[in-house]
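File shown here: target17.cif, holding mmCIF, C-alpha atoms.
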```
data_protein
loop_
_atom_site.group_PDB
_atom_site.id
_atom_site.type_symbol
_atom_site.label_atom_id
_atom_site.label_comp_id
_atom_site.auth_asym_id
_atom_site.auth_seq_id
_atom_site.Cartn_x
_atom_site.Cartn_y
_atom_site.Cartn_z
ATOM 1 C CA MET A 1 -1.909 13.146 -8.894
ATOM 2 C CA LEU A 2 -4.193 15.195 -6.657
ATOM 3 C CA SER A 3 -4.800 12.214 -4.384
ATOM 4 C CA ASN A 4 -1.034 11.782 -3.954
ATOM 5 C CA LEU A 5 -0.719 15.419 -2.923
ATOM 6 C CA ILE A 6 -3.610 15.157 -0.472
ATOM 7 C CA GLY A 7 -2.270 11.914 1.001
ATOM 8 C CA GLY A 8 1.232 13.336 1.309
ATOM 9 C CA PHE A 9 -0.104 16.487 2.953
ATOM 10 C CA MET A 10 -2.121 14.435 5.458
ATOM 11 C CA LEU A 11 0.924 12.293 6.252
ATOM 12 C CA VAL A 12 3.106 15.352 6.831
ATOM 13 C CA LEU A 13 0.361 16.920 8.963
ATOM 14 C CA ILE A 14 0.027 13.835 11.183
ATOM 15 C CA ILE A 15 3.796 13.544 11.583
ATOM 16 C CA MET A 16 4.094 17.234 12.477
ATOM 17 C CA LEU A 17 1.254 17.008 14.983
ATOM 18 C CA SER A 18 2.771 13.894 16.546
ATOM 19 C CA ILE A 19 6.148 15.540 16.929
ATOM 20 C CA LEU A 20 4.738 18.832 18.204
ATOM 21 C CA VAL A 21 2.180 17.387 20.623
ATOM 22 C CA LEU A 22 3.845 14.203 21.834
ATOM 23 C CA ASN A 23 7.545 15.091 21.598
ATOM 24 C CA PRO A 24 9.980 13.445 19.131
ATOM 25 C CA LYS A 25 11.271 10.963 21.723
ATOM 26 C CA ILE A 26 7.770 9.688 22.527
ATOM 27 C CA THR A 27 6.698 9.648 18.869
ATOM 28 C CA VAL A 28 9.561 7.301 17.989
ATOM 29 C CA LEU A 29 8.560 4.818 20.704
ATOM 30 C CA TYR A 30 5.060 4.133 19.350
ATOM 31 C CA ASN A 31 4.224 2.310 16.141
ATOM 32 C CA TYR A 32 0.883 4.095 15.926
ATOM 33 C CA SER A 33 1.554 7.558 17.262
ATOM 34 C CA SER A 34 -1.565 8.980 15.597
ATOM 35 C CA PHE A 35 -3.651 6.721 17.849
ATOM 36 C CA ILE A 36 -1.860 8.111 20.902
ATOM 37 C CA LEU A 37 -2.403 11.573 19.440
ATOM 38 C CA GLY A 38 -6.154 10.871 19.365
ATOM 39 C CA ARG A 39 -6.054 10.318 23.135
ATOM 40 C CA GLN A 40 -4.692 13.808 23.681
ATOM 41 C CA ILE A 41 -7.662 15.578 22.057
ATOM 42 C CA ASN A 42 -9.661 17.501 24.626
ATOM 43 C CA ILE A 43 -11.989 20.242 23.398
ATOM 44 C CA GLY A 44 -14.061 21.876 26.112
ATOM 45 C CA ASP A 45 -14.824 18.721 28.117
ATOM 46 C CA PHE A 46 -17.087 17.625 25.252
ATOM 47 C CA PHE A 47 -14.760 16.044 22.690
ATOM 48 C CA GLN A 48 -12.374 13.852 24.626
ATOM 49 C CA ARG A 49 -10.302 10.790 23.823
ATOM 50 C CA MET A 50 -10.987 10.546 20.110
ATOM 51 C CA GLU A 51 -9.005 7.311 19.647
ATOM 52 C CA ALA A 52 -12.245 5.468 18.821
ATOM 53 C CA VAL A 53 -12.754 7.803 15.854
ATOM 54 C CA VAL A 54 -9.144 7.232 14.766
ATOM 55 C CA ALA A 55 -9.657 3.451 15.013
ATOM 56 C CA ILE A 56 -12.889 3.588 12.972
ATOM 57 C CA ILE A 57 -11.154 5.631 10.278
ATOM 58 C CA TRP A 58 -8.295 3.099 10.223
ATOM 59 C CA PHE A 59 -10.645 0.134 9.916
ATOM 60 C CA LEU A 60 -12.579 1.747 7.089
ATOM 61 C CA THR A 61 -9.390 2.686 5.261
ATOM 62 C CA ILE A 62 -7.888 -0.773 5.660
ATOM 63 C CA PHE A 63 -11.124 -2.408 4.514
ATOM 64 C CA VAL A 64 -11.304 -0.292 1.353
ATOM 65 C CA LYS A 65 -7.626 -0.849 0.542
ATOM 66 C CA LEU A 66 -7.849 -4.602 1.091
ATOM 67 C CA THR A 67 -10.979 -4.799 -1.028
ATOM 68 C CA MET A 68 -9.325 -2.931 -3.888
ATOM 69 C CA TYR A 69 -6.132 -4.995 -3.698
ATOM 70 C CA CYS A 70 -8.027 -8.296 -3.596
ATOM 71 C CA PHE A 71 -10.274 -7.266 -6.475
ATOM 72 C CA SER A 72 -7.246 -6.217 -8.537
ATOM 73 C CA ALA A 73 -5.417 -9.461 -7.798
ATOM 74 C CA ILE A 74 -8.427 -11.621 -8.600
ATOM 75 C CA THR A 75 -9.350 -9.838 -11.837
ATOM 76 C CA GLY A 76 -5.693 -9.793 -12.916
ATOM 77 C CA LEU A 77 -5.361 -13.514 -12.242
ATOM 78 C CA ALA A 78 -8.590 -14.187 -14.132
ATOM 79 C CA GLN A 79 -7.292 -12.231 -17.122
ATOM 80 C CA LEU A 80 -3.945 -14.007 -16.936
ATOM 81 C CA LEU A 81 -5.682 -17.408 -16.931
ATOM 82 C CA LYS A 82 -8.109 -16.179 -19.636
ATOM 83 C CA LEU A 83 -11.184 -17.026 -17.594
ATOM 84 C CA ARG A 84 -14.577 -15.707 -18.654
ATOM 85 C CA SER A 85 -15.565 -14.773 -15.110
ATOM 86 C CA TYR A 86 -13.422 -14.005 -12.115
ATOM 87 C CA ARG A 87 -16.055 -15.278 -9.671
ATOM 88 C CA SER A 88 -14.823 -18.862 -9.694
ATOM 89 C CA ILE A 89 -11.456 -17.916 -8.197
ATOM 90 C CA ILE A 90 -12.612 -15.481 -5.505
ATOM 91 C CA VAL A 91 -12.615 -17.967 -2.597
ATOM 92 C CA PRO A 92 -9.356 -19.814 -3.428
ATOM 93 C CA THR A 93 -7.466 -16.595 -4.061
ATOM 94 C CA SER A 94 -8.806 -15.019 -0.866
ATOM 95 C CA VAL A 95 -7.745 -18.057 1.159
ATOM 96 C CA LEU A 96 -4.259 -17.906 -0.389
ATOM 97 C CA ILE A 97 -3.986 -14.175 0.342
ATOM 98 C CA ALA A 98 -5.051 -14.611 3.981
ATOM 99 C CA THR A 99 -2.721 -17.573 4.484
ATOM 100 C CA GLY A 100 0.150 -15.704 2.845
ATOM 101 C CA ALA A 101 -0.421 -12.711 5.101
ATOM 102 C CA LEU A 102 -0.212 -14.905 8.207
ATOM 103 C CA ILE A 103 2.940 -16.595 6.937
ATOM 104 C CA VAL A 104 4.719 -13.362 5.959
ATOM 105 C CA TYR A 105 3.772 -11.453 9.132
ATOM 106 C CA PRO A 106 3.273 -13.880 12.044
ATOM 107 C CA ASN A 107 3.986 -11.161 14.638
ATOM 108 C CA ASN A 108 5.069 -7.547 14.968
ATOM 109 C CA ALA A 109 8.751 -8.219 15.670
ATOM 110 C CA TYR A 110 9.060 -10.429 12.604
ATOM 111 C CA MET A 111 7.219 -7.799 10.560
ATOM 112 C CA GLN A 112 9.808 -5.164 11.451
ATOM 113 C CA LYS A 113 12.677 -7.519 10.624
ATOM 114 C CA TRP A 114 11.097 -8.566 7.319
ATOM 115 C CA ASP A 115 10.441 -4.961 6.347
ATOM 116 C CA THR A 116 14.053 -3.931 6.917
ATOM 117 C CA ASP A 117 15.712 -7.038 5.423
ATOM 118 C CA THR A 118 13.405 -8.229 2.652
ATOM 119 C CA TRP A 119 11.020 -5.481 1.615
ATOM 120 C CA ILE A 120 13.558 -3.196 -0.079
ATOM 121 C CA PRO A 121 14.924 -5.721 -2.616
ATOM 122 C CA TYR A 122 11.438 -7.157 -3.092
ATOM 123 C CA SER A 123 9.905 -3.764 -3.841
ATOM 124 C CA LEU A 124 12.767 -2.859 -6.166
ATOM 125 C CA LEU A 125 12.180 -6.077 -8.083
ATOM 126 C CA LEU A 126 8.430 -5.632 -8.398
ATOM 127 C CA GLY A 127 8.445 -1.844 -8.692
ATOM 128 C CA ILE A 128 11.338 -1.216 -11.087
ATOM 129 C CA LEU A 129 12.822 -4.350 -12.654
ATOM 130 C CA TYR A 130 9.567 -6.141 -13.443
ATOM 131 C CA PRO A 131 7.888 -3.164 -15.195
ATOM 132 C CA LEU A 132 11.149 -2.441 -17.026
ATOM 133 C CA LEU A 133 11.292 -6.051 -18.218
ATOM 134 C CA LEU A 134 7.683 -5.857 -19.397
ATOM 135 C CA TYR A 135 8.432 -2.626 -21.269
ATOM 136 C CA VAL A 136 11.464 -4.148 -23.008
ATOM 137 C CA ILE A 137 9.503 -7.266 -24.002
ATOM 138 C CA GLY A 138 6.671 -5.095 -25.332
ATOM 139 C CA SER A 139 9.123 -3.000 -27.337
ATOM 140 C CA ILE A 140 10.689 -6.109 -28.865
ATOM 141 C CA ARG A 141 7.278 -7.506 -29.796
ATOM 142 C CA LYS A 142 6.219 -4.242 -31.439
ATOM 143 C CA ASN A 143 9.443 -4.116 -33.459
ATOM 144 C CA ARG A 144 8.998 -7.739 -34.585
ATOM 145 C CA GLU A 145 5.475 -7.077 -35.779
ATOM 146 C CA GLY A 146 6.770 -4.303 -38.023
ATOM 147 C CA ARG A 147 4.979 -1.465 -36.313
ATOM 148 C CA LYS A 148 6.644 1.835 -35.629
ATOM 149 C CA SER A 149 9.145 1.773 -32.793
ATOM 150 C CA SER A 150 7.970 2.401 -29.262
ATOM 151 C CA PRO A 151 8.601 5.721 -27.504
ATOM 152 C CA SER A 152 11.705 6.176 -25.411
ATOM 153 C CA LEU A 153 11.843 4.845 -21.885
ATOM 154 C CA PHE A 154 12.139 8.391 -20.541
ATOM 155 C CA LEU A 155 8.808 9.334 -22.098
ATOM 156 C CA PHE A 156 7.259 6.134 -20.747
ATOM 157 C CA PHE A 157 8.082 7.074 -17.149
ATOM 158 C CA LEU A 158 6.990 10.680 -17.664
ATOM 159 C CA SER A 159 3.560 9.625 -18.901
ATOM 160 C CA SER A 160 2.812 7.403 -15.895
#
```

Would you give me this structure, written as structure tokens?
Amino acid sequence: MLSNLIGGFMLVLIIMLSILVLNPKITVLYNYSSFILGRQINIGDFFQRMEAVVAIIWFLTIFVKLTMYCFSAITGLAQLLKLRSYRSIIVPTSVLIATGALIVYPNNAYMQKWDTDTWIPYSLLLGILYPLLLYVIGSIRKNREGRKSSPSLFLFFLSS
């Protein structure tokens, strides 16, 4: 919860700085306006052109996120296949993830088209319908086993 607030605050701060420093018309033109914003930093002829710092922060952030996503995918797949250790599927899963990334996003123009045409229904399916289906199946299984009934769906979404 706190991390969501901090991340949202940082996002709003970067957007505000981009609009205030670069101008709304220029901000819209660039995909990575925070990188351009790093070029504008000039503090007393000592701190200048901080885009290298922005790039290092991006690389570190992307590395940590990719590591967490890959680890989650590999351990989840190992649990799904009921493997004792996830180590045997690290290399094949990583190759499939890298290949899939190159197939889904071959270039920037295709990425923008895919995001506008495909991402919305895809994210709705995986973010709403799939968890809802899992909840309904879990509720049916609990009722069949004779346990007490599961809590309401409203309480389920409030607790998460």

Can you tell me, as a list of chain:residue names, what residues are no more than 10 Å from range 61-70 of chain A when counting all atoms listed in the file, ignoring any on the same chain fewer than 3 positions away?
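The neighbour list is A:Ala55, A:Ile56, A:Ile57, A:Trp58, A:Ala73, A:Ile74, A:Thr75, A:Gly76, A:Ile90, A:Thr93, A:Ser94, A:Ile97.
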
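The spacing separating CA of Ala109 in chain A from CA of Asn31 in chain A amounts to 11.5 Å.
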
So that I can check the surroundings of Val104 in chain A, please list as a list of chain:residue names every protein, DNA and RNA residue that reaches within 12 Å of it, counting only C-alpha atoms and ignoring chain neighbours fewer than 5 positions away.
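Returned residues: A:Leu96, A:Ile97, A:Ala98, A:Thr99, A:Ala109, A:Tyr110, A:Met111, A:Gln112, A:Lys113, A:Trp114, A:Asp115, A:Thr118, A:Trp119.
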
Just the number, please: distance in Å from CA of Ser34 in chain A to CA of Phe59 in chain A, one decimal.
13.9 Å

If the PyMOL selection byres ((chain A and resi 18) around 7) were run on this exact file, what residues would it hold? Put them as a list in words.
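Here the PyMOL selection byres ((chain A and resi 18) around 7) matches Ile14, Ile15, Met16, Leu17, Ile19, Leu20, Val21, Leu22, Thr27, Ser33, Ser34 and Leu37 of chain A.
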
Go ahead and compute the interatomic distance for CA of Val53 in chain A and CA of Gly38 in chain A, in Å to one decimal.
8.1 Å

Axis-aligned box for range 65-80 of chain A, 8 Å per side, centre and edges in Å as lines of an AutoDock Vina configuration file:
```
center_x = -7.5
center_y = -7.5
center_z = -8.0
size_x = 23.0
size_y = 29.3
size_z = 34.2
```

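Ranking A:Gln79, A:Leu2, A:Asn23, A:Ser123 by their shortest atom-to-atom distance to Ile36 in chain A, with only C-alpha atoms included, puts A:Asn23 first.
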